[in-house]
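Below is my_file.csv, which holds CSV, C-alpha atoms and all ligand atoms.
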chain,number,residue,atom,x,y,z
A,258,MET,CA,32.8,1.0,9.7
A,259,GLN,CA,30.1,3.4,8.6
A,260,SER,CA,29.7,3.5,4.8
A,261,LEU,CA,30.4,6.8,3.2
A,262,ILE,CA,28.1,7.4,0.4
A,263,LEU,CA,26.9,10.9,0.5
A,264,PRO,CA,28.5,13.6,-1.7
A,265,ARG,CA,29.3,15.6,1.4
A,266,ASP,CA,31.6,12.8,2.6
A,267,VAL,CA,33.8,13.2,-0.5
A,268,ILE,CA,35.0,16.6,0.5
A,269,ALA,CA,34.0,18.9,3.3
A,270,TRP,CA,35.1,22.2,4.8
A,271,THR,CA,35.1,21.9,8.6
A,272,GLY,CA,35.5,25.6,9.3
A,273,ALA,CA,39.3,25.6,9.6
A,274,SER,CA,40.4,22.5,7.6
A,275,LEU,CA,39.5,20.4,4.6
A,276,ARG,CA,38.4,16.9,5.2
A,277,PHE,CA,38.3,14.5,2.2
A,278,LEU,CA,38.1,10.9,1.2
A,279,ASP,CA,41.4,9.4,0.0
A,280,GLN,CA,40.3,7.9,-3.3
A,281,THR,CA,43.5,5.9,-3.7
A,282,ALA,CA,42.5,3.8,-0.7
A,283,LEU,CA,39.1,2.7,-2.2
A,284,PRO,CA,37.5,0.3,-2.4
A,285,ALA,CA,39.5,-1.5,0.3
A,286,GLU,CA,39.4,1.3,2.8
A,287,GLU,CA,37.3,4.5,3.4
A,288,ARG,CA,40.1,6.6,4.7
A,289,LEU,CA,39.6,10.3,5.5
A,290,ILE,CA,42.3,12.9,5.4
A,291,ASN,CA,41.8,16.1,7.4
A,292,THR,CA,44.3,19.0,6.7
A,293,SER,CA,44.7,22.7,7.1
A,294,ASP,CA,47.8,22.6,4.8
A,295,TYR,CA,47.1,23.5,1.2
A,296,ARG,CA,50.3,21.6,0.2
A,297,VAL,CA,48.6,18.4,1.3
A,298,VAL,CA,45.7,19.2,-1.0
A,299,ILE,CA,48.1,19.8,-3.9
A,300,GLU,CA,49.8,16.4,-3.2
A,301,ALA,CA,46.3,14.8,-3.0
A,302,LEU,CA,45.5,16.2,-6.5
A,303,ARG,CA,48.8,15.1,-8.0
A,304,THR,CA,48.4,11.5,-6.6
A,305,LEU,CA,44.7,11.3,-7.4
A,306,ARG,CA,43.6,11.0,-3.8
A,307,LEU,CA,41.3,13.8,-5.0
A,308,ARG,CA,40.3,13.6,-8.7
A,309,GLY,CA,37.6,14.1,-11.3
A,310,ALA,CA,37.4,17.5,-13.1
A,311,PRO,CA,34.6,19.2,-11.0
A,312,LEU,CA,36.1,17.9,-7.7
A,313,ILE,CA,39.6,19.1,-8.8
A,314,GLY,CA,38.1,22.6,-9.1
A,315,VAL,CA,36.4,22.5,-5.8
A,316,ALA,CA,39.5,21.1,-4.0
A,317,ALA,CA,41.6,23.8,-5.7
A,318,ALA,CA,39.3,26.5,-4.4
A,319,TYR,CA,39.4,25.1,-0.8
A,320,ALA,CA,43.2,24.8,-1.1
A,321,ALA,CA,43.3,28.5,-1.9
A,322,ALA,CA,41.2,29.2,1.1
A,323,LEU,CA,43.6,27.2,3.3
A,324,ALA,CA,46.6,29.1,1.8
A,325,ALA,CA,44.9,32.4,2.7
A,326,ASN,CA,44.4,31.3,6.3
A,327,GLU,CA,48.0,30.2,6.6
A,328,HIS,CA,49.4,33.4,5.2
A,329,LEU,CA,47.4,35.6,7.7
A,330,ALA,CA,50.5,35.3,9.8
A,331,GLU,CA,52.4,37.5,7.3
A,332,THR,CA,52.8,41.2,7.8
A,333,GLY,CA,52.6,44.1,5.3
A,334,THR,CA,52.4,43.0,1.7
A,335,GLY,CA,53.6,39.5,2.6
A,336,PHE,CA,50.1,38.1,2.8
A,337,HIS,CA,49.2,38.9,-0.8
A,338,THR,CA,52.7,38.0,-2.2
A,339,ARG,CA,52.6,34.6,-0.5
A,340,LEU,CA,49.0,34.0,-1.5
A,341,GLN,CA,49.8,34.6,-5.2
A,342,THR,CA,52.7,32.1,-5.0
A,343,SER,CA,50.4,29.5,-3.4
A,344,LEU,CA,47.8,30.0,-6.1
A,345,SER,CA,50.4,29.4,-8.8
A,346,GLU,CA,51.5,26.2,-6.9
A,347,ILE,CA,47.9,25.0,-6.8
A,348,ALA,CA,47.5,25.7,-10.5
A,349,SER,CA,50.4,23.4,-11.3
A,350,ALA,CA,48.9,20.4,-9.6
A,351,ARG,CA,47.5,18.8,-12.9
A,352,PRO,CA,47.3,20.2,-16.4
A,353,THR,CA,44.2,18.8,-18.2
A,354,ALA,CA,41.0,19.5,-16.1
A,355,VAL,CA,40.2,23.1,-16.9
A,356,ASN,CA,38.1,23.3,-13.7
A,357,LEU,CA,41.4,23.6,-11.8
A,358,PHE,CA,42.3,26.8,-13.7
A,359,HIS,CA,38.8,28.2,-13.6
A,360,ALA,CA,38.9,27.8,-9.8
A,361,VAL,CA,42.3,29.3,-9.3
A,362,ASP,CA,41.4,32.3,-11.6
A,363,ARG,CA,38.2,32.8,-9.6
A,364,MET,CA,40.2,32.8,-6.3
A,365,ARG,CA,42.8,35.1,-7.7
A,366,GLY,CA,40.0,37.5,-8.5
A,367,VAL,CA,38.8,37.4,-4.9
A,368,ALA,CA,42.3,37.9,-3.6
A,369,GLU,CA,42.7,40.9,-5.8
A,370,SER,CA,39.5,42.5,-4.5
A,371,TYR,CA,40.5,42.6,-0.8
A,372,ALA,CA,43.4,44.5,0.5
A,373,ASP,CA,42.7,43.5,4.1
A,374,PRO,CA,44.1,39.9,4.7
A,375,MET,CA,41.3,38.8,7.2
A,376,GLN,CA,38.5,40.0,4.9
A,377,CYS,CA,40.3,38.4,2.0
A,378,ALA,CA,40.6,35.0,3.8
A,379,THR,CA,37.0,35.1,4.8
A,380,ALA,CA,35.9,35.9,1.3
A,381,MET,CA,38.0,33.1,-0.1
A,382,GLU,CA,36.4,30.6,2.3
A,383,ARG,CA,33.0,31.8,1.4
A,384,THR,CA,33.7,31.7,-2.4
A,385,ALA,CA,35.1,28.1,-2.2
A,386,ALA,CA,32.0,26.9,-0.3
A,387,GLY,CA,29.9,28.6,-2.9
A,388,MET,CA,31.7,26.9,-5.8
A,389,HIS,CA,31.3,23.6,-4.1
A,390,GLU,CA,27.5,24.1,-3.7
A,391,ALA,CA,27.3,25.4,-7.3
A,392,GLU,CA,29.0,22.2,-8.7
A,393,ALA,CA,26.5,20.1,-6.7
A,394,GLN,CA,23.6,22.0,-8.2
A,395,ARG,CA,25.1,21.6,-11.7
A,396,CYS,CA,25.1,17.9,-11.2
A,397,ILE,CA,21.4,17.9,-10.4
A,398,ALA,CA,20.7,20.0,-13.5
A,399,MET,CA,22.7,17.6,-15.7
A,400,GLY,CA,20.9,14.6,-14.3
A,401,GLU,CA,17.6,16.1,-15.1
A,402,ALA,CA,18.6,17.3,-18.5
A,403,GLY,CA,20.3,14.0,-19.5
A,404,ALA,CA,18.1,11.3,-17.9
A,405,VAL,CA,15.5,11.6,-20.7
A,406,LEU,CA,18.2,10.8,-23.3
A,407,LEU,CA,18.9,7.4,-21.9
A,408,PRO,CA,16.9,4.4,-23.0
A,409,ASP,CA,14.0,3.2,-20.8
A,410,GLU,CA,15.8,-0.1,-20.3
A,411,GLY,CA,19.0,-1.9,-21.4
A,412,GLY,CA,22.7,-1.5,-21.1
A,413,VAL,CA,24.7,1.7,-20.8
A,414,VAL,CA,28.5,1.7,-21.1
A,415,THR,CA,30.6,4.2,-19.2
A,416,ILE,CA,34.3,4.8,-18.5
A,417,CYS,CA,36.3,6.2,-15.6
A,418,ASN,CA,34.5,7.6,-12.5
A,419,THR,CA,32.1,10.4,-12.9
A,420,GLY,CA,30.0,10.1,-9.8
A,421,ALA,CA,30.0,11.7,-6.3
A,422,LEU,CA,33.6,10.9,-6.0
A,423,ALA,CA,34.5,13.0,-9.0
A,424,THR,CA,32.3,16.0,-8.3
A,425,GLY,CA,31.2,16.4,-4.7
A,426,GLY,CA,27.6,16.3,-6.1
A,427,ILE,CA,25.7,13.4,-7.6
A,428,GLY,CA,28.0,13.2,-10.5
A,429,THR,CA,28.1,14.0,-14.2
A,430,ALA,CA,27.7,10.9,-16.4
A,431,LEU,CA,27.0,8.8,-13.4
A,432,GLY,CA,24.6,11.4,-12.1
A,433,VAL,CA,22.6,11.2,-15.3
A,434,ILE,CA,22.5,7.4,-15.0
A,435,ALA,CA,21.4,7.6,-11.3
A,436,THR,CA,18.7,10.2,-12.1
A,437,ALA,CA,17.4,8.0,-15.0
A,438,VAL,CA,17.3,5.0,-12.7
A,439,ARG,CA,15.5,7.0,-10.0
A,440,ALA,CA,13.0,8.0,-12.6
A,441,GLY,CA,12.2,4.3,-13.2
A,442,LYS,CA,14.5,3.4,-16.1
A,443,ARG,CA,15.7,-0.1,-15.9
A,444,LEU,CA,19.4,0.3,-16.8
A,445,HIS,CA,22.3,-2.0,-16.5
A,446,VAL,CA,25.7,-0.2,-16.4
A,447,TYR,CA,28.8,-1.7,-18.0
A,448,ALA,CA,31.7,0.1,-16.4
A,449,CYS,CA,35.1,0.0,-18.1
A,450,GLU,CA,37.8,-0.8,-15.6
A,451,THR,CA,39.8,2.2,-16.8
A,452,ARG,CA,43.5,1.3,-17.0
A,453,PRO,CA,45.9,2.1,-15.6
A,454,LEU,CA,44.5,3.5,-12.3
A,455,LEU,CA,41.3,1.6,-12.4
A,456,GLN,CA,38.9,4.4,-11.5
A,457,GLY,CA,36.1,2.3,-13.1
A,458,ALA,CA,36.8,-0.9,-11.2
A,459,ARG,CA,37.7,0.7,-7.9
A,460,LEU,CA,35.5,3.7,-7.8
A,461,THR,CA,32.5,3.5,-10.2
A,462,MET,CA,31.7,-0.1,-9.2
A,463,TRP,CA,31.9,1.0,-5.6
A,464,GLU,CA,29.5,3.9,-6.2
A,465,LEU,CA,27.1,1.8,-8.3
A,466,ALA,CA,26.9,-0.9,-5.6
A,467,ARG,CA,26.0,1.8,-3.0
A,468,LEU,CA,23.4,3.3,-5.4
A,469,GLY,CA,21.9,-0.2,-5.9
A,470,ILE,CA,22.3,0.1,-9.7
A,471,PRO,CA,22.9,-3.2,-11.5
A,472,ALA,CA,26.4,-3.1,-13.0
A,473,THR,CA,29.0,-5.3,-14.7
A,474,LEU,CA,32.7,-4.5,-14.8
A,475,ILE,CA,34.4,-5.0,-18.1
A,476,VAL,CA,38.0,-4.6,-19.3
A,477,ASP,CA,38.5,-1.5,-21.5
A,478,GLY,CA,39.1,-3.6,-24.6
A,479,ALA,CA,35.8,-5.4,-24.3
A,480,VAL,CA,33.7,-2.5,-25.4
A,481,PRO,CA,33.4,-3.3,-29.2
A,482,GLU,CA,32.6,-6.9,-28.5
A,483,LEU,CA,30.0,-5.9,-25.9
A,484,LEU,CA,28.4,-3.4,-28.3
A,485,ARG,CA,28.4,-6.0,-31.1
A,486,ARG,CA,26.1,-8.2,-29.0
A,487,GLY,CA,23.4,-5.5,-29.1
A,488,GLU,CA,22.4,-5.2,-25.4
A,489,VAL,CA,24.0,-1.8,-24.9
A,490,ARG,CA,21.8,1.1,-26.1
A,491,ALA,CA,24.0,4.2,-25.2
A,492,ALA,CA,27.4,5.2,-24.0
A,493,ILE,CA,28.1,8.1,-21.7
A,494,ALA,CA,31.2,9.7,-20.2
A,495,GLY,CA,32.3,12.8,-18.4
A,496,ALA,CA,34.9,15.4,-19.5
A,497,ASP,CA,38.0,17.1,-18.2
A,498,ARG,CA,38.0,19.9,-20.8
A,499,ILE,CA,35.7,20.7,-23.7
A,500,ALA,CA,37.0,22.9,-26.5
A,501,CYS,CA,34.9,25.5,-28.4
A,502,ASN,CA,34.1,23.1,-31.3
A,503,GLY,CA,33.0,20.3,-28.9
A,504,ASP,CA,36.2,18.2,-29.0
A,505,THR,CA,36.4,16.7,-25.5
A,506,ALA,CA,39.3,15.5,-23.4
A,507,ASN,CA,38.4,12.8,-20.9
A,508,LYS,CA,40.1,9.7,-19.4
A,509,ILE,CA,42.3,7.7,-21.7
A,510,GLY,CA,40.1,5.1,-23.5
A,511,THR,CA,37.1,7.4,-23.9
A,512,CYS,CA,37.8,8.0,-27.6
A,513,ALA,CA,37.9,4.2,-28.1
A,514,VAL,CA,34.4,3.9,-26.5
A,515,ALA,CA,33.1,6.7,-28.8
A,516,LEU,CA,34.5,5.1,-31.9
A,517,ALA,CA,33.0,1.8,-30.9
A,518,ALA,CA,29.6,3.4,-30.2
A,519,HIS,CA,29.8,5.2,-33.6
A,520,ASP,CA,30.6,2.0,-35.4
A,521,ALA,CA,27.7,0.2,-33.5
A,522,GLY,CA,25.3,3.0,-34.3
A,523,ILE,CA,24.5,3.8,-30.7
A,524,PRO,CA,24.6,7.4,-29.2
A,525,PHE,CA,27.7,8.6,-27.3
A,526,TYR,CA,27.0,11.3,-24.8
A,527,ILE,CA,29.3,13.6,-22.8
A,528,ALA,CA,27.9,14.9,-19.5
A,529,ALA,CA,29.8,17.9,-18.1
A,530,PRO,CA,29.1,21.2,-16.3
A,531,VAL,CA,29.8,24.5,-18.1
A,532,SER,CA,32.8,24.9,-15.7
A,533,THR,CA,34.5,22.2,-17.8
A,534,ILE,CA,34.3,24.2,-21.1
A,535,ASP,CA,37.5,26.0,-22.1
A,536,PHE,CA,36.3,29.0,-24.1
A,537,THR,CA,39.9,29.8,-25.0
A,538,ALA,CA,40.6,26.4,-26.7
A,539,PRO,CA,39.3,26.5,-30.3
A,540,ASP,CA,39.6,22.7,-30.7
A,541,GLY,CA,41.0,19.6,-29.1
A,542,GLY,CA,44.5,20.3,-30.4
A,543,ALA,CA,44.7,23.2,-27.8
A,544,ILE,CA,44.0,20.9,-24.8
A,545,PRO,CA,47.1,19.9,-22.8
A,546,ILE,CA,47.1,16.2,-22.2
A,547,GLU,CA,48.7,15.0,-18.9
A,548,LEU,CA,51.5,12.5,-19.3
A,549,ARG,CA,51.9,10.4,-16.1
A,550,GLY,CA,54.7,8.3,-14.8
A,551,PRO,CA,55.7,4.9,-16.3
A,552,ASP,CA,55.2,2.9,-13.1
A,553,GLU,CA,51.4,3.4,-13.3
A,554,VAL,CA,51.5,1.1,-16.3
A,555,ARG,CA,54.4,-1.1,-15.3
A,556,THR,CA,52.7,-2.1,-12.1
A,557,LEU,CA,49.3,-3.1,-10.9
A,558,ALA,CA,48.6,-2.3,-7.2
A,559,GLY,CA,52.3,-2.1,-6.7
A,560,ILE,CA,53.0,-5.5,-8.3
A,561,PRO,CA,55.2,-5.4,-11.4
A,562,VAL,CA,53.3,-6.5,-14.5
A,563,ALA,CA,55.7,-5.5,-17.3
A,564,ALA,CA,59.3,-6.1,-18.0
A,565,ALA,CA,61.4,-4.1,-15.6
A,566,GLY,CA,62.4,-0.7,-16.9
A,567,CYS,CA,60.5,-1.1,-20.2
A,568,GLU,CA,59.6,2.1,-22.1
A,569,VAL,CA,56.1,3.4,-21.4
A,570,TRP,CA,53.9,6.1,-22.8
A,571,ASN,CA,51.1,7.0,-20.4
A,572,PRO,CA,48.8,9.8,-21.4
A,573,ALA,CA,46.1,10.2,-18.8
A,574,PHE,CA,43.5,11.6,-21.2
A,575,ASP,CA,42.5,11.5,-24.8
A,576,VAL,CA,40.5,13.8,-27.1
A,577,THR,CA,37.3,12.6,-28.6
A,578,PRO,CA,36.5,14.5,-31.8
A,579,HIS,CA,33.2,16.3,-31.8
A,580,ARG,CA,31.9,14.4,-34.8
A,581,LEU,CA,31.7,11.2,-32.5
A,582,ILE,CA,29.7,13.0,-29.8
A,583,SER,CA,25.9,12.7,-30.2
A,584,ALA,CA,25.2,15.4,-27.5
A,585,ILE,CA,26.8,17.2,-24.6
A,586,ILE,CA,24.6,17.2,-21.5
A,587,THR,CA,25.3,20.4,-19.5
A,588,ASP,CA,23.7,22.0,-16.5
A,589,CYS,CA,22.4,24.6,-19.0
A,590,GLY,CA,20.7,22.1,-21.3
A,591,VAL,CA,21.6,19.5,-23.9
A,592,LEU,CA,23.8,20.6,-26.8
A,593,THR,CA,23.5,18.7,-30.1
A,594,ALA,CA,25.3,19.2,-33.5
A,595,PRO,CA,26.6,21.6,-34.4
A,596,LEU,CA,28.2,21.6,-30.9
A,597,MET,CA,30.2,24.7,-31.7
A,598,ALA,CA,27.1,26.8,-32.0
A,599,GLY,CA,25.7,25.5,-28.7
A,600,ILE,CA,28.9,26.2,-26.9
A,601,SER,CA,29.2,29.7,-28.2
A,602,ARG,CA,25.6,30.4,-27.1
A,603,LEU,CA,26.7,29.3,-23.6
A,604,ARG,CA,29.6,31.7,-23.7
A,605,ALA,CA,27.3,34.7,-24.6
B,1,LIG,O1,42.5,11.2,-13.8
B,1,LIG,P1,41.2,11.4,-13.2
B,1,LIG,O2,40.7,10.3,-12.4
B,1,LIG,O3,41.0,12.8,-12.5
B,1,LIG,O4,40.2,11.5,-14.5
B,1,LIG,C1,38.8,11.8,-14.3
B,1,LIG,C2,38.1,11.7,-15.6
B,1,LIG,O5,38.6,11.5,-16.6
B,1,LIG,C3,36.6,11.9,-15.5
B,1,LIG,O6,35.9,11.1,-16.4
B,1,LIG,C4,36.3,13.4,-15.7
B,1,LIG,O7,37.0,14.2,-14.8
B,1,LIG,C5,34.9,13.7,-15.6
B,1,LIG,S1,34.3,13.6,-14.0
B,1,LIG,C6,33.0,14.1,-13.5
Would you mind writing the file's structure down as structure tokens?
Amino acid sequence: MQSLILPRDVIAWTGASLRFLDQTALPAEERLINTSDYRVVIEALRTLRLRGAPLIGVAAAYAAALAANEHLAETGTGFHTRLQTSLSEIASARPTAVNLFHAVDRMRGVAESYADPMQCATAMERTAAGMHEAEAQRCIAMGEAGAVLLPDEGGVVTICNTGALATGGIGTALGVIATAVRAGKRLHVYACETRPLLQGARLTMWELARLGIPATLIVDGAVPELLRRGEVRAAIAGADRIACNGDTANKIGTCAVALAAHDAGIPFYIAAPVSTIDFTAPDGGAIPIELRGPDEVRTLAGIPVAAAGCEVWNPAFDVTPHRLISAIITDCGVLTAPLMAGISRLRA
């Protein structure tokens, strides 16, 4: 089977449908889904077939375009009424990645600008494609801005998956690493497996192998011991939502990496596009944290690994306080302390 490694293979608009890679099947299978039903995209977002904050935003925009195409069959005001309902359904797919809400708001704006259904559907398609392209460009800008911060050689620890699979571009944190390696830095990536859904083990290790970047998989709890040994020179992660003071929500386990980095005296970087900043959230306390079902923790690849029916608490994300973040690498440059000042400059 042909190996899918290009960002355009992660998600693509075919003209009348959306084709995307089912990330739950990786690394065993490179399975493509092709749909013209926006409900299939919502299901894919909920089940993490499509995931990663920037990609969630792009997928939501394309889902809105699919909904507009579907509702063209409506007469009178039916098109706009049905479209608004669909946009609300799309917005309910997942709660933490703010990119989803930015995308739906943008598409709602487009919907409100066109009375004519056909013109509206065409504009929504064009806008979704433009948002996809913009995220890819943001990844390149983050890579260029952040690569200089990474050491010339040595270990770099990361968590979750922040590459092409999470963005549709070259990635956020993984894009920075890839850009640094392309610039000649001799880095070795330590990827946290990222319990419970193993985005690090299944997806990041898959991407790193295809990029030819040396990497070692570690269990999440190994980070402090790894850092104590002195081979790791930096830690870098992505973000699902950044508050105005720099507090950052990312995959559960990220705060533990930041604490370990702080204790070991190595820098901890966040790489995220401006589309991941929530200018309405004053601090991390305002960020909704997704709670997912107990079976994600009770089972591993469908096999029970916990006492049947045991109580589980399964937050999908945590908030890293801004004081633990050495810098936020954005597509508009690198923000350092005080992060709040840099973020408010971006808003202006
Ligand atoms: O639950 P997921 O897999 O969607 O979580 C993804 C992450 O936490 C990523 O680190 C984050 O979206 C940044 S991706 C570029």
7 Å shell around ligand LIG 1 (chain B) using all atoms listed in the file, listed as a PyMOL selection string | chain A and resi 305+308-311+354+416-420+423-424+428-430+456+494-497+507-508+529+573-574
Write out as a PyMOL selection string each polymer residue whose atoms come within 12 Å of A:Arg443, counting all atoms listed in the file; drop sequence neighbours fewer than 2 positions from it.
-> chain A and resi 404+407-413+434-441+445-446+469-472+490
Selection: 8 Å around stretch 285-298 of chain A, all atoms listed in the file, excl. self and same-chain fewer than 4 positions, as a PDB file with C-alpha atoms, in the coordinates of the input:
ATOM      1  CA  SER A 260      29.700   3.500   4.800  1.00  0.00           C
ATOM      2  CA  LEU A 261      30.400   6.800   3.200  1.00  0.00           C
ATOM      3  CA  ALA A 273      39.300  25.600   9.600  1.00  0.00           C
ATOM      4  CA  SER A 274      40.400  22.500   7.600  1.00  0.00           C
ATOM      5  CA  LEU A 275      39.500  20.400   4.600  1.00  0.00           C
ATOM      6  CA  ARG A 276      38.400  16.900   5.200  1.00  0.00           C
ATOM      7  CA  PHE A 277      38.300  14.500   2.200  1.00  0.00           C
ATOM      8  CA  LEU A 278      38.100  10.900   1.200  1.00  0.00           C
ATOM      9  CA  ASP A 279      41.400   9.400   0.000  1.00  0.00           C
ATOM     10  CA  LEU A 302      45.500  16.200  -6.500  1.00  0.00           C
ATOM     11  CA  ALA A 316      39.500  21.100  -4.000  1.00  0.00           C
ATOM     12  CA  ALA A 317      41.600  23.800  -5.700  1.00  0.00           C
ATOM     13  CA  ALA A 320      43.200  24.800  -1.100  1.00  0.00           C
ATOM     14  CA  ALA A 321      43.300  28.500  -1.900  1.00  0.00           C
ATOM     15  CA  LEU A 323      43.600  27.200   3.300  1.00  0.00           C
ATOM     16  CA  ALA A 324      46.600  29.100   1.800  1.00  0.00           C
ATOM     17  CA  GLU A 327      48.000  30.200   6.600  1.00  0.00           C
TER      18      GLU A 327
END
Non-local contacts of A:Thr384 (8 Å; all atoms listed in the file; under 3 positions in same chain excluded) as a PyMOL selection string = chain A and resi 318+364+380-381+387-388
Kindly give the distance, in Å, that separates atom CA of A:Leu406 and atom CA of A:Thr577, rounded to a single decimal.
->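 Distance reported for this atom pair: 19.9 Å.
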Calculate how many Å separate atom CA of A:Ile527 from atom CA of A:Ile585, rounding to one decimal.
->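 Answer for the atom CA of A:Ile527 to atom CA of A:Ile585 separation: 4.7 Å.
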Rounded to one decimal in Å, what is the spacing between atom CA of A:Glu464 and atom CA of A:Arg498?
->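 Value for the atom CA of A:Glu464-atom CA of A:Arg498 distance: 23.3 Å.
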Identify the residues around (48.2, 34.1, 4.5) within a radius of 9 Å, measuring from only C-alpha atoms in the coordinates stated by the file, and give them as a list in words.
->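 Those within range, by chain then number, are Leu323, Ala324, Ala325, Asn326, Glu327, His328, Leu329, Ala330, Glu331, Gly335, Phe336, His337, Thr338, Arg339, Leu340, Pro374, Met375 and Ala378 of chain A.
Take the candidates A:Leu484, A:Ile493, A:Arg580, A:Ala421 and check each one against A:Arg467 using all atoms listed in the file; the shortest distance goes to A:Ala421.
Of the residues under consideration (A:Gly550, A:Gly425, A:Gly590, A:Pro572), A:Gly590 shows the shortest atom-to-atom contact distance to A:Met399 when counting all atoms listed in the file.
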Point out the residue among A:Val355, A:Ala518, A:Glu392, A:Val569 with the least atom-to-atom distance to A:Ala538, counting all atoms listed in the file.
->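 For A:Ala538, the nearest of the candidates is A:Val355.
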Using only C-alpha atoms, pick whichever of A:Ala386, A:Leu283, A:Ala492, A:Ala466 has the shortest atom-to-atom distance to A:Thr271.
->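 Under the stated criterion, the closest residue is A:Ala386.
You can rank A:Ala479, A:Val405, A:Ala491, A:Ile299 by their closest distance to A:Ala348 using all atoms listed in the file, and at the top of that list sits A:Ile299.
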Within 10 Å of A:Glu300 using only C-alpha atoms, minus same-chain residues under 6 positions, as a VMD selection string = chain A and resid 306 to 307 347 350
Write out as a list in words each polymer residue whose atoms come within 10 Å of A:Gly478, counting all atoms listed in the file; drop sequence neighbours fewer than 6 positions from it.
->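 Result of the neighbour search: Cys449, Glu450, Thr451, Gly510, Ala513 and Val514 of chain A.
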Smallest atom-to-atom distance to A:Asp588: which of A:Leu548, A:Ala517, A:Val576, A:Ala528, using all atoms listed in the file?
-> A:Ala528
